$ cat coords-v2.cif   # mmCIF, C-alpha atoms and all ligand atoms
data_work
loop_
_atom_site.group_PDB
_atom_site.id
_atom_site.type_symbol
_atom_site.label_atom_id
_atom_site.label_comp_id
_atom_site.auth_asym_id
_atom_site.auth_seq_id
_atom_site.Cartn_x
_atom_site.Cartn_y
_atom_site.Cartn_z
ATOM 1 C CA MET A 1 1.496 2.511 -23.879
ATOM 2 C CA TYR A 2 0.103 4.444 -20.946
ATOM 3 C CA SER A 3 1.459 6.857 -18.408
ATOM 4 C CA ILE A 4 0.676 6.553 -14.734
ATOM 5 C CA ILE A 5 0.068 9.367 -12.319
ATOM 6 C CA ILE A 6 -0.302 9.037 -8.573
ATOM 7 C CA ARG A 7 -2.968 11.417 -7.329
ATOM 8 C CA PRO A 8 -5.445 11.834 -4.459
ATOM 9 C CA PHE A 9 -8.638 9.791 -4.503
ATOM 10 C CA ASP A 10 -11.792 11.193 -6.062
ATOM 11 C CA ALA A 11 -15.266 9.786 -5.342
ATOM 12 C CA ARG A 12 -15.498 8.703 -9.022
ATOM 13 C CA ASP A 13 -12.619 6.251 -8.381
ATOM 14 C CA SER A 14 -14.680 4.205 -5.917
ATOM 15 C CA SER A 15 -15.991 1.543 -8.290
ATOM 16 C CA ASP A 16 -12.482 0.832 -9.686
ATOM 17 C CA ILE A 17 -11.059 0.645 -6.153
ATOM 18 C CA ILE A 18 -13.776 -1.685 -4.928
ATOM 19 C CA LYS A 19 -13.125 -4.037 -7.891
ATOM 20 C CA ILE A 20 -9.379 -4.055 -7.162
ATOM 21 C CA ASP A 21 -10.118 -4.689 -3.504
ATOM 22 C CA SER A 22 -12.395 -7.648 -4.281
ATOM 23 C CA GLU A 23 -9.816 -9.380 -6.469
ATOM 24 C CA SER A 24 -6.976 -8.660 -4.009
ATOM 25 C CA PHE A 25 -8.195 -9.585 -0.533
ATOM 26 C CA ARG A 26 -9.825 -12.682 0.868
ATOM 27 C CA THR A 27 -11.640 -11.058 3.743
ATOM 28 C CA MET A 28 -12.812 -7.632 2.643
ATOM 29 C CA ASN A 29 -15.185 -6.862 -0.192
ATOM 30 C CA PRO A 30 -16.644 -3.510 0.761
ATOM 31 C CA THR A 31 -19.547 -1.728 -0.792
ATOM 32 C CA TYR A 32 -19.121 1.953 -1.646
ATOM 33 C CA ASP A 33 -20.644 3.073 1.678
ATOM 34 C CA LEU A 34 -18.494 0.679 3.682
ATOM 35 C CA PHE A 35 -15.364 1.765 1.820
ATOM 36 C CA ILE A 36 -16.054 5.444 2.597
ATOM 37 C CA TYR A 37 -16.806 4.559 6.239
ATOM 38 C CA MET A 38 -13.661 2.425 6.660
ATOM 39 C CA THR A 39 -11.382 5.027 5.128
ATOM 40 C CA TYR A 40 -12.886 8.034 6.909
ATOM 41 C CA GLY A 41 -10.093 10.330 8.097
ATOM 42 C CA SER A 42 -7.485 8.500 5.988
ATOM 43 C CA GLU A 43 -5.597 9.660 2.932
ATOM 44 C CA ILE A 44 -6.209 7.642 -0.241
ATOM 45 C CA LEU A 45 -3.896 7.850 -3.241
ATOM 46 C CA VAL A 46 -4.617 6.181 -6.555
ATOM 47 C CA ALA A 47 -2.574 5.108 -9.579
ATOM 48 C CA ASP A 48 -4.384 6.547 -12.603
ATOM 49 C CA ILE A 49 -3.632 5.409 -16.170
ATOM 50 C CA GLY A 50 -5.952 7.954 -17.796
ATOM 51 C CA ASN A 51 -9.150 6.005 -18.227
ATOM 52 C CA ALA A 52 -8.993 3.867 -15.090
ATOM 53 C CA VAL A 53 -7.554 3.504 -11.632
ATOM 54 C CA VAL A 54 -5.253 0.465 -11.380
ATOM 55 C CA GLY A 55 -4.001 0.711 -7.799
ATOM 56 C CA TYR A 56 -4.580 2.451 -4.512
ATOM 57 C CA VAL A 57 -3.125 2.945 -1.058
ATOM 58 C CA VAL A 58 -4.885 4.046 2.139
ATOM 59 C CA VAL A 59 -2.854 5.796 4.845
ATOM 60 C CA SER A 60 -3.927 6.883 8.288
ATOM 61 C CA TYR A 61 -1.953 9.584 10.135
ATOM 62 C CA ARG A 62 -1.613 9.941 13.875
ATOM 63 C CA GLU A 63 0.773 12.500 15.318
ATOM 64 C CA GLU A 64 4.267 11.477 14.174
ATOM 65 C CA GLU A 65 3.236 8.047 12.893
ATOM 66 C CA ALA A 66 1.423 6.961 9.748
ATOM 67 C CA LYS A 67 -0.074 3.538 9.101
ATOM 68 C CA ILE A 68 -0.564 1.945 5.696
ATOM 69 C CA MET A 69 -4.057 0.506 6.042
ATOM 70 C CA SER A 70 -4.405 -1.004 2.583
ATOM 71 C CA LEU A 71 -2.489 -1.271 -0.690
ATOM 72 C CA ALA A 72 -3.445 -3.119 -3.848
ATOM 73 C CA VAL A 73 -2.747 -3.102 -7.573
ATOM 74 C CA LYS A 74 -5.086 -4.500 -10.244
ATOM 75 C CA ARG A 75 -3.979 -8.016 -11.056
ATOM 76 C CA GLU A 76 -3.003 -7.494 -14.710
ATOM 77 C CA PHE A 77 -0.957 -4.387 -13.810
ATOM 78 C CA ARG A 78 1.192 -6.036 -11.127
ATOM 79 C CA ARG A 79 4.995 -6.287 -11.366
ATOM 80 C CA ARG A 80 5.201 -3.011 -13.309
ATOM 81 C CA GLY A 81 6.370 -0.842 -10.426
ATOM 82 C CA ILE A 82 2.949 0.610 -9.533
ATOM 83 C CA GLY A 83 2.988 -0.618 -5.914
ATOM 84 C CA LYS A 84 6.421 0.938 -5.547
ATOM 85 C CA MET A 85 5.232 4.226 -7.086
ATOM 86 C CA LEU A 86 2.315 4.401 -4.648
ATOM 87 C CA LEU A 87 4.558 3.730 -1.651
ATOM 88 C CA ARG A 88 7.191 6.208 -2.794
ATOM 89 C CA GLU A 89 4.508 8.894 -2.890
ATOM 90 C CA VAL A 90 3.285 7.853 0.579
ATOM 91 C CA ILE A 91 6.841 8.189 1.891
ATOM 92 C CA ARG A 92 7.314 11.571 0.214
ATOM 93 C CA ARG A 93 4.069 12.920 1.666
ATOM 94 C CA ALA A 94 4.763 11.460 5.119
ATOM 95 C CA ARG A 95 8.164 13.128 5.186
ATOM 96 C CA SER A 96 6.656 16.465 4.234
ATOM 97 C CA LYS A 97 4.191 16.126 7.143
ATOM 98 C CA GLY A 98 7.023 15.435 9.605
ATOM 99 C CA ILE A 99 6.080 11.769 10.094
ATOM 100 C CA LYS A 100 8.818 9.815 11.869
ATOM 101 C CA ARG A 101 7.589 6.259 11.410
ATOM 102 C CA LEU A 102 5.494 4.376 8.856
ATOM 103 C CA THR A 103 3.912 1.133 10.047
ATOM 104 C CA LEU A 104 1.890 -1.662 8.486
ATOM 105 C CA GLU A 105 0.810 -5.251 8.992
ATOM 106 C CA VAL A 106 1.182 -7.926 6.337
ATOM 107 C CA ARG A 107 0.133 -11.593 6.260
ATOM 108 C CA VAL A 108 3.044 -13.932 6.914
ATOM 109 C CA SER A 109 2.132 -15.755 3.665
ATOM 110 C CA ASN A 110 2.180 -12.575 1.551
ATOM 111 C CA ARG A 111 5.732 -12.727 0.195
ATOM 112 C CA ALA A 112 5.013 -10.344 -2.701
ATOM 113 C CA ALA A 113 4.004 -7.502 -0.408
ATOM 114 C CA GLN A 114 6.828 -8.268 2.066
ATOM 115 C CA GLU A 115 9.386 -8.081 -0.751
ATOM 116 C CA LEU A 116 7.958 -4.764 -1.906
ATOM 117 C CA TYR A 117 8.023 -3.284 1.597
ATOM 118 C CA LYS A 118 11.583 -4.500 2.222
ATOM 119 C CA LYS A 119 12.683 -2.981 -1.058
ATOM 120 C CA LEU A 120 11.514 0.403 0.223
ATOM 121 C CA GLY A 121 13.326 -0.009 3.531
ATOM 122 C CA PHE A 122 10.656 -1.465 5.829
ATOM 123 C CA GLU A 123 11.882 -3.945 8.448
ATOM 124 C CA VAL A 124 10.015 -6.609 10.412
ATOM 125 C CA ALA A 125 9.434 -5.283 13.939
ATOM 126 C CA GLY A 126 7.434 -8.224 15.321
ATOM 127 C CA VAL A 127 4.909 -10.964 14.712
ATOM 128 C CA LEU A 128 1.233 -10.516 15.587
ATOM 129 C CA GLU A 129 -0.019 -14.044 16.253
ATOM 130 C CA SER A 130 -3.442 -14.978 14.790
ATOM 131 C CA TYR A 131 -3.946 -11.350 13.772
ATOM 132 C CA TYR A 132 -6.466 -11.947 10.988
ATOM 133 C CA SER A 133 -9.993 -13.299 11.372
ATOM 134 C CA ASP A 134 -8.989 -16.536 9.581
ATOM 135 C CA GLY A 135 -6.258 -17.129 12.173
ATOM 136 C CA GLU A 136 -3.250 -16.181 10.054
ATOM 137 C CA SER A 137 -0.488 -14.197 11.763
ATOM 138 C CA ALA A 138 0.920 -10.872 10.577
ATOM 139 C CA TYR A 139 4.340 -9.307 10.446
ATOM 140 C CA LEU A 140 4.420 -5.837 11.891
ATOM 141 C CA MET A 141 6.740 -3.757 9.717
ATOM 142 C CA HIS A 142 8.248 -0.331 10.343
ATOM 143 C CA LEU A 143 10.068 2.264 8.294
ATOM 144 C CA TYR A 144 11.804 5.021 10.257
ATOM 145 C CA LEU A 145 11.920 7.984 7.937
ATOM 146 C CA ASP A 146 14.658 9.843 9.771
ATOM 147 C CA LYS A 147 16.917 6.796 9.362
ATOM 148 C CA THR A 148 16.355 6.598 5.618
ATOM 149 C CA ASP A 149 18.931 8.521 3.648
ATOM 150 C CA ASP A 150 18.204 10.100 0.304
ATOM 151 C CA LEU A 151 15.194 8.069 -0.873
ATOM 152 C CA SER A 152 16.328 8.181 -4.465
ATOM 153 C CA GLN A 153 18.997 5.673 -3.452
ATOM 154 C CA SER A 154 16.510 3.145 -2.133
ATOM 155 C CA TRP A 155 14.087 3.481 -5.039
ATOM 156 C CA VAL A 156 15.750 0.770 -7.066
HETATM 157 C C1 LIG B 201 1.667 -6.385 -3.171
HETATM 158 C C2 LIG B 201 1.298 -5.605 -4.433
HETATM 159 C C3 LIG B 201 0.572 -4.311 -4.011
HETATM 160 C C4 LIG B 201 2.565 -5.258 -5.212
HETATM 161 O O1 LIG B 201 2.219 -4.362 -6.254
HETATM 162 P P1 LIG B 201 3.048 -4.337 -7.631
HETATM 163 O O2 LIG B 201 2.637 -3.139 -8.388
HETATM 164 O O3 LIG B 201 2.933 -5.632 -8.328
HETATM 165 O O4 LIG B 201 4.536 -4.187 -7.077
HETATM 166 P P2 LIG B 201 5.787 -3.604 -7.889
HETATM 167 O O5 LIG B 201 5.673 -3.947 -9.333
HETATM 168 O O6 LIG B 201 5.947 -2.171 -7.552
HETATM 169 O O7 LIG B 201 6.956 -4.464 -7.243
HETATM 170 C C5 LIG B 201 8.092 -3.856 -6.653
HETATM 171 C C6 LIG B 201 8.953 -4.946 -6.076
HETATM 172 O O8 LIG B 201 8.244 -5.683 -5.083
HETATM 173 C C7 LIG B 201 8.627 -7.075 -5.138
HETATM 174 N N1 LIG B 201 7.486 -7.885 -5.600
HETATM 175 C C8 LIG B 201 6.291 -7.450 -6.064
HETATM 176 N N2 LIG B 201 5.503 -8.507 -6.367
HETATM 177 C C9 LIG B 201 6.226 -9.619 -6.091
HETATM 178 C C10 LIG B 201 5.952 -11.009 -6.209
HETATM 179 N N3 LIG B 201 4.783 -11.477 -6.673
HETATM 180 N N4 LIG B 201 6.915 -11.877 -5.821
HETATM 181 C C11 LIG B 201 8.099 -11.440 -5.338
HETATM 182 N N5 LIG B 201 8.434 -10.122 -5.225
HETATM 183 C C12 LIG B 201 7.489 -9.233 -5.594
HETATM 184 C C13 LIG B 201 9.737 -7.159 -6.162
HETATM 185 O O9 LIG B 201 10.950 -6.910 -5.465
HETATM 186 C C14 LIG B 201 9.375 -6.000 -7.079
HETATM 187 O O10 LIG B 201 10.455 -5.517 -7.814
HETATM 188 P P3 LIG B 201 10.805 -6.224 -9.249
HETATM 189 O O11 LIG B 201 9.532 -6.321 -10.013
HETATM 190 O O12 LIG B 201 11.788 -5.266 -9.840
HETATM 191 O O13 LIG B 201 11.377 -7.566 -8.909
HETATM 192 C C15 LIG B 201 0.374 -6.459 -5.364
HETATM 193 O O14 LIG B 201 0.977 -7.721 -5.546
HETATM 194 C C16 LIG B 201 -1.034 -6.654 -4.837
HETATM 195 O O15 LIG B 201 -1.924 -5.829 -5.069
HETATM 196 N N6 LIG B 201 -1.259 -7.758 -4.099
HETATM 197 C C17 LIG B 201 -2.585 -8.077 -3.543
HETATM 198 C C18 LIG B 201 -2.943 -7.137 -2.395
HETATM 199 C C19 LIG B 201 -1.902 -7.171 -1.307
HETATM 200 O O16 LIG B 201 -1.359 -8.208 -0.955
HETATM 201 N N7 LIG B 201 -1.631 -5.967 -0.720
HETATM 202 C C20 LIG B 201 -0.699 -5.812 0.362
HETATM 203 C C21 LIG B 201 -1.391 -6.001 1.672
HETATM 204 S S1 LIG B 201 -0.296 -5.808 3.047
#

$ encode --input "coords-v2.cif" --output "structure tokens"
Amino acid sequence: MYSIIIRPFDARDSSDIIKIDSESFRTMNPTYDLFIYMTYGSEILVADIGNAVVGYVVVSYREEEAKIMSLAVKREFRRRGIGKMLLREVIRRARSKGIKRLTLEVRVSNRAAQELYKKLGFEVAGVLESYYSDGESAYLMHLYLDKTDDLSQSWV
């Protein structure tokens, strides 16, 4: 058994995050320097099981909007609610900062992530044709925080 805490990123988490990133995404396999560069100015939260980081989310804030730039969970820890825990913490923090809208893009083929986002109240706001470098399109998804009632009700 293990317990999971969601906490802010620490530089020592980088190697775990880069491994999760490499097994999760087709297009991006950043080095440590590239990861720090790409996430500059963003907030990174990690899911920590005590001796390792098993998931992360990167969020960028701009005025009253926040964008989820990246989210991934280590393969063998998926379907245990960790993605949901990370997003719930993003939503809680965004609310406390007065953010009105959370946005993200997700590959049209990525049903797992779409299901997760829908479960937390995100809705498809449009399609971005050929959005990714390999030509795949993306769904643009939004969550309006002021429209979401007590979050405890949507955290099923
Ligand atoms: C998407 C991802 C982050 C989900 O993380 P996770 O920890 O497995 O998600 P959770 O366990 O919190 O799942 C919560 C809900 O999301 C939905 N969901 C998650 N994975 C799913 C899957 N493979 N198929 C269908 N629904 C899925 C389910 O509704 C699930 O609830 P349930 O387990 O009670 O049925 C993970 O699959 C991942 O890292 N994928 C690769 C990277 C990626 O695609 N990131 C998103 C980029 S936009």

$ closest_atom_pairs --input "coords-v2.cif" --of "chain A" --to "ligand LIG 201 (chain B)" --cutoff "9 Å" --atoms "all atoms listed in the file" --output "JSON lines"
{"residue": "A:Ile20", "atom": "CA", "partner": "B:LIG201", "partner_atom": "O15", "distance": 7.9}
{"residue": "A:Asp21", "atom": "CA", "partner": "B:LIG201", "partner_atom": "C18", "distance": 7.7}
{"residue": "A:Glu23", "atom": "CA", "partner": "B:LIG201", "partner_atom": "C17", "distance": 7.9}
{"residue": "A:Ser24", "atom": "CA", "partner": "B:LIG201", "partner_atom": "C17", "distance": 4.5}
{"residue": "A:Phe25", "atom": "CA", "partner": "B:LIG201", "partner_atom": "C18", "distance": 6.1}
{"residue": "A:Gly55", "atom": "CA", "partner": "B:LIG201", "partner_atom": "O15", "distance": 7.4}
{"residue": "A:Tyr56", "atom": "CA", "partner": "B:LIG201", "partner_atom": "C3", "distance": 8.5}
{"residue": "A:Val57", "atom": "CA", "partner": "B:LIG201", "partner_atom": "C3", "distance": 8.7}
{"residue": "A:Ile68", "atom": "CA", "partner": "B:LIG201", "partner_atom": "S1", "distance": 8.2}
{"residue": "A:Met69", "atom": "CA", "partner": "B:LIG201", "partner_atom": "S1", "distance": 7.9}
{"residue": "A:Ser70", "atom": "CA", "partner": "B:LIG201", "partner_atom": "C21", "distance": 5.9}
{"residue": "A:Leu71", "atom": "CA", "partner": "B:LIG201", "partner_atom": "N7", "distance": 4.8}
{"residue": "A:Ala72", "atom": "CA", "partner": "B:LIG201", "partner_atom": "O15", "distance": 3.3}
{"residue": "A:Val73", "atom": "CA", "partner": "B:LIG201", "partner_atom": "O15", "distance": 3.8}
{"residue": "A:Lys74", "atom": "CA", "partner": "B:LIG201", "partner_atom": "O15", "distance": 6.2}
{"residue": "A:Arg75", "atom": "CA", "partner": "B:LIG201", "partner_atom": "O15", "distance": 6.7}
{"residue": "A:Glu76", "atom": "CA", "partner": "B:LIG201", "partner_atom": "O3", "distance": 8.9}
{"residue": "A:Phe77", "atom": "CA", "partner": "B:LIG201", "partner_atom": "O2", "distance": 6.6}
{"residue": "A:Arg78", "atom": "CA", "partner": "B:LIG201", "partner_atom": "O3", "distance": 3.3}
{"residue": "A:Arg79", "atom": "CA", "partner": "B:LIG201", "partner_atom": "O5", "distance": 3.2}
{"residue": "A:Arg80", "atom": "CA", "partner": "B:LIG201", "partner_atom": "O5", "distance": 4.1}
{"residue": "A:Gly81", "atom": "CA", "partner": "B:LIG201", "partner_atom": "O6", "distance": 3.2}
{"residue": "A:Ile82", "atom": "CA", "partner": "B:LIG201", "partner_atom": "O2", "distance": 3.9}
{"residue": "A:Gly83", "atom": "CA", "partner": "B:LIG201", "partner_atom": "O2", "distance": 3.5}
{"residue": "A:Lys84", "atom": "CA", "partner": "B:LIG201", "partner_atom": "O6", "distance": 3.7}
{"residue": "A:Met85", "atom": "CA", "partner": "B:LIG201", "partner_atom": "O6", "distance": 6.5}
{"residue": "A:Leu86", "atom": "CA", "partner": "B:LIG201", "partner_atom": "O6", "distance": 8.1}
{"residue": "A:Leu87", "atom": "CA", "partner": "B:LIG201", "partner_atom": "O6", "distance": 8.5}
{"residue": "A:Leu104", "atom": "CA", "partner": "B:LIG201", "partner_atom": "S1", "distance": 7.2}
{"residue": "A:Glu105", "atom": "CA", "partner": "B:LIG201", "partner_atom": "S1", "distance": 6.1}
{"residue": "A:Val106", "atom": "CA", "partner": "B:LIG201", "partner_atom": "S1", "distance": 4.2}
{"residue": "A:Arg107", "atom": "CA", "partner": "B:LIG201", "partner_atom": "S1", "distance": 6.6}
{"residue": "A:Asn110", "atom": "CA", "partner": "B:LIG201", "partner_atom": "O16", "distance": 6.2}
{"residue": "A:Arg111", "atom": "CA", "partner": "B:LIG201", "partner_atom": "C11", "distance": 6.2}
{"residue": "A:Ala112", "atom": "CA", "partner": "B:LIG201", "partner_atom": "C9", "distance": 3.7}
{"residue": "A:Ala113", "atom": "CA", "partner": "B:LIG201", "partner_atom": "C1", "distance": 3.8}
{"residue": "A:Gln114", "atom": "CA", "partner": "B:LIG201", "partner_atom": "C7", "distance": 7.5}
{"residue": "A:Glu115", "atom": "CA", "partner": "B:LIG201", "partner_atom": "C7", "distance": 4.6}
{"residue": "A:Leu116", "atom": "CA", "partner": "B:LIG201", "partner_atom": "O8", "distance": 3.3}
{"residue": "A:Tyr117", "atom": "CA", "partner": "B:LIG201", "partner_atom": "O8", "distance": 7.1}
{"residue": "A:Lys118", "atom": "CA", "partner": "B:LIG201", "partner_atom": "O9", "distance": 8.1}
{"residue": "A:Lys119", "atom": "CA", "partner": "B:LIG201", "partner_atom": "O9", "distance": 6.2}
{"residue": "A:Leu120", "atom": "CA", "partner": "B:LIG201", "partner_atom": "C6", "distance": 8.7}
{"residue": "A:Val156", "atom": "CA", "partner": "B:LIG201", "partner_atom": "O12", "distance": 7.7}

$ closest_residue --input "coords-v2.cif" --among "A:Val108, A:Glu63, A:Ile18, A:Arg92" --to "Ile6 (chain A)" --atoms "all atoms listed in the file"
A:Arg92

$ resolve_selection --input "coords-v2.cif" --expression "the PyMOL selection byres (((chain A and resi 140) around 6) and not hetatm)" --output "ChimeraX atom specification"
/A:104-105,124-127,139,141

$ atom_distance --input "coords-v2.cif" --atom1 "CA of Ala66 (chain A)" --atom2 "CA of Glu129 (chain A)"
22.0 Å

$ resolve_selection --input "coords-v2.cif" --expression "the PyMOL selection byres (((chain A and resi 46) around 9) and not hetatm)" --output "ChimeraX atom specification"
/A:5-10,13,17,44-45,47-48,53-58,86

$ atom_distance --input "coords-v2.cif" --atom1 "CA of Thr39 (chain A)" --atom2 "CA of Tyr2 (chain A)"
28.5 Å

$ atom_distance --input "coords-v2.cif" --atom1 "CA of Asp16 (chain A)" --atom2 "CA of Ala52 (chain A)"
7.1 Å

$ resolve_selection --input "coords-v2.cif" --expression "the PyMOL selection byres (((chain A and resi 99) around 8) and not hetatm)" --output "list in words"
Glu63, Glu64, Glu65, Ala66, Ala94, Arg95, Ser96, Lys97, Gly98, Lys100, Arg101, Leu102 and Leu145 of chain A

$ closest_residue --input "coords-v2.cif" --among "A:Asp146, A:Ile49, A:Met38, A:Ser22" --to "Ile4 (chain A)" --atoms "all atoms listed in the file"
A:Ile49

$ closest_residue --input "coords-v2.cif" --among "A:Arg26, A:Leu34, A:Val59, A:Ser15" --to "Asp134 (chain A)" --atoms "only C-alpha atoms"
A:Arg26

$ axis_aligned_box --input "coords-v2.cif" --around "region 112-126 of chain A" --padding-each-side "8 Å" --output "AutoDock Vina command-line options"
--center_x 8.7 --center_y -5.0 --center_z 6.3 --size_x 25.3 --size_y 26.7 --size_z 34.0

$ closest_residue --input "coords-v2.cif" --among "A:Ser42, A:Gly50, A:Lys67, A:Ile91" --to "Met1 (chain A)" --atoms "all atoms listed in the file"
A:Gly50

$ build_atoms --input "coords-v2.cif" --residues "region 13-42 of chain A" --atoms "N, CA and C atoms" --output "short mmCIF file (atom, residue, chain, number, x, y, z; two decimals), in the coordinates of the input"
data_model
loop_
_atom_site.label_atom_id
_atom_site.label_comp_id
_atom_site.auth_asym_id
_atom_site.auth_seq_id
_atom_site.Cartn_x
_atom_site.Cartn_y
_atom_site.Cartn_z
N ASP A 13 -13.54 7.40 -8.32
CA ASP A 13 -12.62 6.25 -8.38
C ASP A 13 -13.16 5.04 -7.63
N SER A 14 -14.24 5.24 -6.87
CA SER A 14 -14.68 4.20 -5.92
C SER A 14 -14.94 2.86 -6.56
N SER A 15 -15.63 2.85 -7.73
CA SER A 15 -15.99 1.54 -8.29
C SER A 15 -14.74 0.79 -8.73
N ASP A 16 -13.74 1.50 -9.31
CA ASP A 16 -12.48 0.83 -9.69
C ASP A 16 -11.79 0.28 -8.44
N ILE A 17 -11.77 1.07 -7.37
CA ILE A 17 -11.06 0.64 -6.15
C ILE A 17 -11.74 -0.58 -5.55
N ILE A 18 -13.06 -0.56 -5.53
CA ILE A 18 -13.78 -1.68 -4.93
C ILE A 18 -13.54 -2.97 -5.73
N LYS A 19 -13.44 -2.85 -7.06
CA LYS A 19 -13.12 -4.04 -7.89
C LYS A 19 -11.72 -4.55 -7.58
N ILE A 20 -10.76 -3.64 -7.46
CA ILE A 20 -9.38 -4.06 -7.16
C ILE A 20 -9.34 -4.73 -5.80
N ASP A 21 -10.06 -4.14 -4.85
CA ASP A 21 -10.12 -4.69 -3.50
C ASP A 21 -10.68 -6.12 -3.51
N SER A 22 -11.76 -6.32 -4.27
CA SER A 22 -12.40 -7.65 -4.28
C SER A 22 -11.48 -8.71 -4.86
N GLU A 23 -10.68 -8.35 -5.87
CA GLU A 23 -9.82 -9.38 -6.47
C GLU A 23 -8.52 -9.55 -5.68
N SER A 24 -8.26 -8.66 -4.70
CA SER A 24 -6.98 -8.66 -4.01
C SER A 24 -7.01 -9.26 -2.61
N PHE A 25 -8.15 -9.17 -1.94
CA PHE A 25 -8.20 -9.59 -0.53
C PHE A 25 -9.25 -10.64 -0.30
N ARG A 26 -8.90 -11.58 0.57
CA ARG A 26 -9.82 -12.68 0.87
C ARG A 26 -10.98 -12.21 1.75
N THR A 27 -10.67 -11.31 2.68
CA THR A 27 -11.64 -11.06 3.74
C THR A 27 -12.53 -9.84 3.51
N MET A 28 -12.05 -8.87 2.72
CA MET A 28 -12.81 -7.63 2.64
C MET A 28 -13.34 -7.41 1.23
N ASN A 29 -14.62 -7.25 1.09
CA ASN A 29 -15.18 -6.86 -0.19
C ASN A 29 -16.20 -5.76 0.08
N PRO A 30 -15.72 -4.55 0.31
CA PRO A 30 -16.64 -3.51 0.76
C PRO A 30 -17.55 -2.98 -0.33
N THR A 31 -18.69 -2.52 0.08
CA THR A 31 -19.55 -1.73 -0.79
C THR A 31 -19.00 -0.31 -0.78
N TYR A 32 -19.57 0.56 -1.61
CA TYR A 32 -19.12 1.95 -1.65
C TYR A 32 -19.26 2.60 -0.26
N ASP A 33 -20.42 2.43 0.38
CA ASP A 33 -20.64 3.07 1.68
C ASP A 33 -19.65 2.56 2.72
N LEU A 34 -19.41 1.25 2.70
CA LEU A 34 -18.49 0.68 3.68
C LEU A 34 -17.07 1.18 3.43
N PHE A 35 -16.70 1.28 2.17
CA PHE A 35 -15.36 1.76 1.82
C PHE A 35 -15.17 3.19 2.36
N ILE A 36 -16.15 4.05 2.13
CA ILE A 36 -16.05 5.44 2.60
C ILE A 36 -15.98 5.46 4.12
N TYR A 37 -16.80 4.62 4.77
CA TYR A 37 -16.81 4.56 6.24
C TYR A 37 -15.45 4.09 6.76
N MET A 38 -14.91 3.02 6.15
CA MET A 38 -13.66 2.42 6.66
C MET A 38 -12.47 3.35 6.47
N THR A 39 -12.54 4.19 5.43
CA THR A 39 -11.38 5.03 5.13
C THR A 39 -11.56 6.46 5.65
N TYR A 40 -12.62 6.69 6.41
CA TYR A 40 -12.89 8.03 6.91
C TYR A 40 -11.67 8.55 7.70
N GLY A 41 -11.23 9.75 7.37
CA GLY A 41 -10.09 10.33 8.10
C GLY A 41 -8.75 9.87 7.55
N SER A 42 -8.74 8.98 6.56
CA SER A 42 -7.48 8.50 5.99
C SER A 42 -7.21 9.22 4.67
#
